[in-house]
>>> print(open('model_36.txt').read())   # compact mmCIF, C-alpha atoms
# COMPACT_ATOMS: atom_id res chain seq x y z
CA MET A 1 -7.65 -18.56 21.31
CA ILE A 2 -9.45 -18.19 17.96
CA ALA A 3 -9.15 -15.08 15.80
CA GLU A 4 -12.40 -13.15 15.84
CA LYS A 5 -13.48 -9.54 15.48
CA GLY A 6 -12.08 -7.31 18.20
CA LYS A 7 -9.07 -9.56 18.92
CA VAL A 8 -5.51 -8.29 18.43
CA ILE A 9 -3.83 -10.51 15.86
CA THR A 10 -0.09 -10.78 15.26
CA VAL A 11 1.08 -12.30 11.98
CA HIS A 12 4.12 -12.77 9.84
CA TYR A 13 3.40 -12.62 6.12
CA LYS A 14 4.74 -12.33 2.62
CA LEU A 15 2.79 -10.24 0.11
CA TYR A 16 3.02 -11.12 -3.57
CA ILE A 17 1.53 -9.74 -6.76
CA ASP A 18 -0.97 -12.27 -8.18
CA ASP A 19 0.25 -15.48 -6.49
CA PRO A 20 3.31 -16.96 -4.72
CA SER A 21 5.16 -17.15 -8.02
CA GLY A 22 4.65 -13.41 -8.55
CA ASP A 23 6.83 -10.55 -7.36
CA LEU A 24 7.38 -10.42 -3.59
CA VAL A 25 6.53 -6.83 -2.63
CA GLU A 26 6.50 -6.93 1.16
CA GLU A 27 7.56 -9.26 3.96
CA THR A 28 7.49 -8.97 7.73
CA ILE A 29 10.55 -9.96 9.73
CA PRO A 30 10.62 -11.85 13.05
CA GLU A 31 11.65 -8.70 14.94
CA ASP A 32 8.75 -6.72 13.49
CA PRO A 33 5.60 -8.79 12.92
CA TYR A 34 2.36 -7.13 11.80
CA GLU A 35 -0.20 -6.54 14.56
CA PHE A 36 -3.76 -5.37 13.97
CA THR A 37 -7.21 -5.52 15.51
CA LEU A 38 -9.40 -7.87 13.50
CA GLY A 39 -12.49 -6.16 12.10
CA SER A 40 -11.37 -2.62 12.98
CA GLY A 41 -10.89 -1.48 9.39
CA GLU A 42 -7.09 -1.47 9.64
CA GLN A 43 -6.99 -4.15 6.96
CA PHE A 44 -9.07 -5.02 3.93
CA ASP A 45 -12.28 -6.86 4.78
CA ALA A 46 -11.06 -9.67 2.52
CA PHE A 47 -7.88 -9.97 4.63
CA ASP A 48 -9.87 -10.02 7.88
CA ASN A 49 -12.29 -12.61 6.51
CA ASN A 50 -9.39 -14.96 5.72
CA ILE A 51 -7.95 -14.61 9.24
CA ILE A 52 -11.21 -15.11 11.16
CA GLY A 53 -11.28 -18.54 12.76
CA LEU A 54 -7.52 -19.09 12.72
CA LYS A 55 -5.49 -19.59 15.87
CA LYS A 56 -1.89 -19.17 17.00
CA GLY A 57 0.42 -21.28 14.83
CA ASP A 58 -2.02 -21.57 11.90
CA ALA A 59 -0.62 -20.91 8.44
CA PHE A 60 -2.59 -18.97 5.85
CA SER A 61 -2.40 -18.54 2.11
CA PHE A 62 -5.00 -16.58 0.15
CA ALA A 63 -5.62 -14.22 -2.75
CA ILE A 64 -7.36 -10.86 -2.71
CA ASN A 65 -8.62 -9.57 -6.03
CA VAL A 66 -8.08 -6.02 -7.29
CA LYS A 67 -11.50 -4.70 -6.29
CA ASP A 68 -11.14 -5.98 -2.71
CA ALA A 69 -7.52 -4.81 -2.38
CA PHE A 70 -6.20 -1.44 -3.59
CA GLY A 71 -8.73 -1.05 -6.40
CA GLU A 72 -8.34 -0.39 -10.10
CA ILE A 73 -6.02 2.31 -11.36
CA ASP A 74 -7.85 5.64 -11.21
CA GLU A 75 -6.91 7.68 -14.28
CA GLU A 76 -8.04 10.84 -12.46
CA ALA A 77 -5.27 10.22 -9.88
CA ILE A 78 -2.68 10.71 -12.62
CA VAL A 79 -2.09 14.43 -13.04
CA GLU A 80 0.22 16.75 -14.90
CA VAL A 81 1.57 19.67 -12.86
CA GLU A 82 3.83 22.55 -13.75
CA LYS A 83 7.31 22.40 -12.30
CA LYS A 84 6.97 25.99 -11.10
CA ILE A 85 4.69 24.87 -8.24
CA PHE A 86 7.79 23.34 -6.65
CA LYS A 87 9.53 26.71 -6.33
CA HIS A 88 11.17 27.25 -2.97
CA GLU A 89 12.64 30.65 -2.18
CA GLY A 90 12.20 31.60 -5.82
CA LYS A 91 14.09 28.61 -7.23
CA ILE A 92 13.20 25.18 -8.56
CA ASP A 93 15.46 22.35 -7.48
CA GLU A 94 15.59 20.33 -10.72
CA SER A 95 17.25 17.40 -8.89
CA ILE A 96 13.87 16.36 -7.43
CA PHE A 97 12.56 15.59 -10.92
CA GLU A 98 13.74 12.02 -11.42
CA MET A 99 11.61 9.21 -12.78
CA TYR A 100 9.77 7.28 -10.07
CA ASN A 101 10.77 9.79 -7.40
CA LEU A 102 8.08 10.18 -4.74
CA LEU A 103 7.01 13.81 -4.27
CA PRO A 104 4.96 14.88 -1.24
CA MET A 105 2.30 17.49 -1.97
CA LEU A 106 -0.42 19.30 -0.04
CA ASP A 107 -3.93 20.01 -1.27
CA GLU A 108 -5.81 23.23 -0.54
CA ASP A 109 -7.06 21.73 2.75
CA GLY A 110 -3.56 20.84 3.96
CA ASN A 111 -3.91 17.09 3.33
CA GLU A 112 -0.63 15.45 2.31
CA TYR A 113 -0.43 13.15 -0.70
CA SER A 114 2.52 11.48 -2.35
CA GLY A 115 2.78 11.22 -6.10
CA VAL A 116 5.25 9.18 -8.11
CA ILE A 117 6.84 10.90 -11.11
CA ILE A 118 5.93 8.92 -14.21
CA GLU A 119 6.81 11.49 -16.88
CA ILE A 120 9.11 14.50 -17.01
CA GLY A 121 8.60 17.30 -19.51
CA GLU A 122 10.38 20.58 -20.12
CA ASP A 123 8.16 22.56 -17.76
CA HIS A 124 5.87 19.91 -16.24
CA VAL A 125 5.88 16.53 -14.49
CA THR A 126 3.18 13.87 -14.49
CA LEU A 127 2.46 12.37 -11.08
CA ASP A 128 0.63 9.17 -10.24
CA PHE A 129 -1.22 9.37 -6.92
CA ASN A 130 -2.60 5.81 -7.11
CA HIS A 131 -1.46 3.30 -4.51
CA PRO A 132 1.57 1.42 -5.93
CA LEU A 133 -0.46 -1.82 -5.89
CA ALA A 134 -3.58 -0.35 -7.52
CA GLY A 135 -4.67 -2.54 -10.40
CA GLU A 136 -3.03 -5.64 -8.93
CA ASN A 137 -4.40 -8.86 -7.49
CA ILE A 138 -2.43 -9.71 -4.36
CA TRP A 139 -1.56 -12.88 -2.45
CA PHE A 140 -0.68 -13.39 1.21
CA ASP A 141 1.26 -16.32 2.67
CA GLY A 142 1.87 -16.26 6.40
CA GLU A 143 1.36 -17.53 9.90
CA VAL A 144 -0.63 -16.37 12.90
CA ILE A 145 1.91 -15.64 15.66
CA ASP A 146 -0.54 -14.63 18.40
CA VAL A 147 -4.20 -13.91 19.14
CA LYS A 148 -5.07 -11.69 22.13
>>> encode(input="model_36.txt", output="C-alpha cells")
Amino acid sequence: MIAEKGKVITVHYKLYIDDPSGDLVEETIPEDPYEFTLGSGEQFDAFDNNIIGLKKGDAFSFAINVKDAFGEIDEEAIVEVEKKIFKHEGKIDESIFEMYNLLPMLDEDGNEYSGVIIEIGEDHVTLDFNHPLAGENIWFDGEVIDVK
C-alpha cells in the first residue's frame, strides 16, 4: 500500500540538526515507532510531503528548513519574570532556579506553557518559550514500517 493522505503511517526515524553529521536529537526505538495520519496536521507539511508515495519498507532521508520546521527564534518568546511569581504558600523554592531547567507556567486563560531558564538574576529569571529546535534546520533518516 502506498502512503497517501488519510493513511496511518508507521515509521522509525532519527532526527538530526542540519544533516546526518549533525547532532542526533531524537530517535524512535523498535518497541515504540512513530505513528501518524498522513495529511492530518500532526506533522509538518514538509514531513508529510516527503512521505507521500512511499510504501512499507521504503527508506527516507530528507531535510526540512527552519521556516518549514519549528520556525525562527521568536525574541518575543524570551521573557524576564520576577521570581516572586513562583511563590507557593508564601515561599519561593530557590532550588527550581537552575540553568536550563524547564518551568511550567499558566497564562491568564489557563493555557500551560513551558519555559527554559536561560538566565538567573537576583530577583528575576529569563525564560525561553521557543521550541528547543526553533532556529534549526532539521534532517530525518528513517524507514516506513507500515501503511494502513
>>> closest_residue(input="model_36.txt", among="A:Asp18, A:Lys83, A:Tyr100, A:Thr10", to="Asp32 of chain A", atoms="all atoms listed in the file")
A:Thr10
>>> atom_distance(input="model_36.txt", atom1="atom CA of Gly110 of chain A", atom2="atom CA of Glu75 of chain A")
22.7 Å
>>> atom_distance(input="model_36.txt", atom1="atom CA of Glu72 of chain A", atom2="atom CA of Asp107 of chain A")
22.7 Å
>>> residues_near_point(input="model_36.txt", point="(-10.0, -16.0, 18.6)", cutoff="10 Å", atoms="only C-alpha atoms", output="list of chain:residue names")
A:Met1, A:Ile2, A:Ala3, A:Glu4, A:Lys5, A:Gly6, A:Lys7, A:Val8, A:Ile9, A:Leu38, A:Ile51, A:Ile52, A:Gly53, A:Leu54, A:Lys55, A:Lys56, A:Asp146, A:Val147, A:Lys148
>>> write_last_selection(input="model_36.txt", atoms="C-alpha atoms", output="short mmCIF file (atom, residue, chain, number, x, y, z; two decimals), in the frame of the given file")
data_model
loop_
_atom_site.label_atom_id
_atom_site.label_comp_id
_atom_site.auth_asym_id
_atom_site.auth_seq_id
_atom_site.Cartn_x
_atom_site.Cartn_y
_atom_site.Cartn_z
CA MET A 1 -7.65 -18.56 21.31
CA ILE A 2 -9.45 -18.19 17.96
CA ALA A 3 -9.15 -15.08 15.80
CA GLU A 4 -12.40 -13.15 15.84
CA LYS A 5 -13.48 -9.54 15.48
CA GLY A 6 -12.08 -7.31 18.20
CA LYS A 7 -9.07 -9.56 18.92
CA VAL A 8 -5.51 -8.29 18.43
CA ILE A 9 -3.83 -10.51 15.86
CA LEU A 38 -9.40 -7.87 13.50
CA ILE A 51 -7.95 -14.61 9.24
CA ILE A 52 -11.21 -15.11 11.16
CA GLY A 53 -11.28 -18.54 12.76
CA LEU A 54 -7.52 -19.09 12.72
CA LYS A 55 -5.49 -19.59 15.87
CA LYS A 56 -1.89 -19.17 17.00
CA ASP A 146 -0.54 -14.63 18.40
CA VAL A 147 -4.20 -13.91 19.14
CA LYS A 148 -5.07 -11.69 22.13
#
>>> closest_residue(input="model_36.txt", among="A:Val79, A:Ala63, A:Ile118, A:Ala46", to="Lys14 of chain A", atoms="all atoms listed in the file")
A:Ala63
>>> closest_residue(input="model_36.txt", among="A:Ile78, A:Ile29, A:Asn137, A:Ile73", to="Gly115 of chain A", atoms="all atoms listed in the file")
A:Ile78
>>> atom_distance(input="model_36.txt", atom1="atom CA of Asn130 of chain A", atom2="atom CA of His88 of chain A")
25.8 Å
>>> closest_residue(input="model_36.txt", among="A:Asn65, A:Asp45, A:Tyr34, A:Glu89", to="Trp139 of chain A", atoms="all atoms listed in the file")
A:Asn65
>>> closest_residue(input="model_36.txt", among="A:Phe62, A:Phe97, A:Phe47, A:Phe86", to="Pro20 of chain A", atoms="all atoms listed in the file")
A:Phe62
>>> closest_residue(input="model_36.txt", among="A:Val144, A:Met99, A:Leu133, A:Val125", to="Ser61 of chain A", atoms="all atoms listed in the file")
A:Val144
>>> build_atoms(input="model_36.txt", residues="segment 108-120 of chain A", atoms="N, CA and C atoms", output="PDB file, in the coordinates of the input")
ATOM      1  N   GLU A 108      -5.384  21.945  -1.092  1.00  0.00           N
ATOM      2  CA  GLU A 108      -5.810  23.230  -0.540  1.00  0.00           C
ATOM      3  C   GLU A 108      -6.312  23.141   0.894  1.00  0.00           C
ATOM      4  N   ASP A 109      -6.620  21.922   1.372  1.00  0.00           N
ATOM      5  CA  ASP A 109      -7.060  21.730   2.750  1.00  0.00           C
ATOM      6  C   ASP A 109      -5.934  21.300   3.684  1.00  0.00           C
ATOM      7  N   GLY A 110      -4.702  21.220   3.155  1.00  0.00           N
ATOM      8  CA  GLY A 110      -3.560  20.840   3.960  1.00  0.00           C
ATOM      9  C   GLY A 110      -3.338  19.338   4.076  1.00  0.00           C
ATOM     10  N   ASN A 111      -4.106  18.539   3.324  1.00  0.00           N
ATOM     11  CA  ASN A 111      -3.910  17.090   3.330  1.00  0.00           C
ATOM     12  C   ASN A 111      -2.686  16.750   2.496  1.00  0.00           C
ATOM     13  N   GLU A 112      -1.853  15.832   3.019  1.00  0.00           N
ATOM     14  CA  GLU A 112      -0.630  15.450   2.310  1.00  0.00           C
ATOM     15  C   GLU A 112      -0.862  14.210   1.461  1.00  0.00           C
ATOM     16  N   TYR A 113      -0.362  14.273   0.234  1.00  0.00           N
ATOM     17  CA  TYR A 113      -0.430  13.150  -0.700  1.00  0.00           C
ATOM     18  C   TYR A 113       0.946  12.963  -1.307  1.00  0.00           C
ATOM     19  N   SER A 114       1.243  11.747  -1.693  1.00  0.00           N
ATOM     20  CA  SER A 114       2.520  11.480  -2.350  1.00  0.00           C
ATOM     21  C   SER A 114       2.246  10.990  -3.760  1.00  0.00           C
ATOM     22  N   GLY A 115       2.916  11.614  -4.713  1.00  0.00           N
ATOM     23  CA  GLY A 115       2.780  11.220  -6.100  1.00  0.00           C
ATOM     24  C   GLY A 115       4.110  10.735  -6.644  1.00  0.00           C
ATOM     25  N   VAL A 116       4.054   9.737  -7.487  1.00  0.00           N
ATOM     26  CA  VAL A 116       5.250   9.180  -8.110  1.00  0.00           C
ATOM     27  C   VAL A 116       5.397   9.809  -9.494  1.00  0.00           C
ATOM     28  N   ILE A 117       6.589  10.305  -9.794  1.00  0.00           N
ATOM     29  CA  ILE A 117       6.840  10.900 -11.110  1.00  0.00           C
ATOM     30  C   ILE A 117       6.861   9.794 -12.155  1.00  0.00           C
ATOM     31  N   ILE A 118       5.977   9.921 -13.149  1.00  0.00           N
ATOM     32  CA  ILE A 118       5.930   8.920 -14.210  1.00  0.00           C
ATOM     33  C   ILE A 118       6.272   9.511 -15.574  1.00  0.00           C
ATOM     34  N   GLU A 119       6.402  10.841 -15.639  1.00  0.00           N
ATOM     35  CA  GLU A 119       6.810  11.490 -16.880  1.00  0.00           C
ATOM     36  C   GLU A 119       7.402  12.854 -16.536  1.00  0.00           C
ATOM     37  N   ILE A 120       8.465  13.207 -17.236  1.00  0.00           N
ATOM     38  CA  ILE A 120       9.110  14.500 -17.010  1.00  0.00           C
ATOM     39  C   ILE A 120       9.160  15.253 -18.328  1.00  0.00           C
TER      40      ILE A 120
END
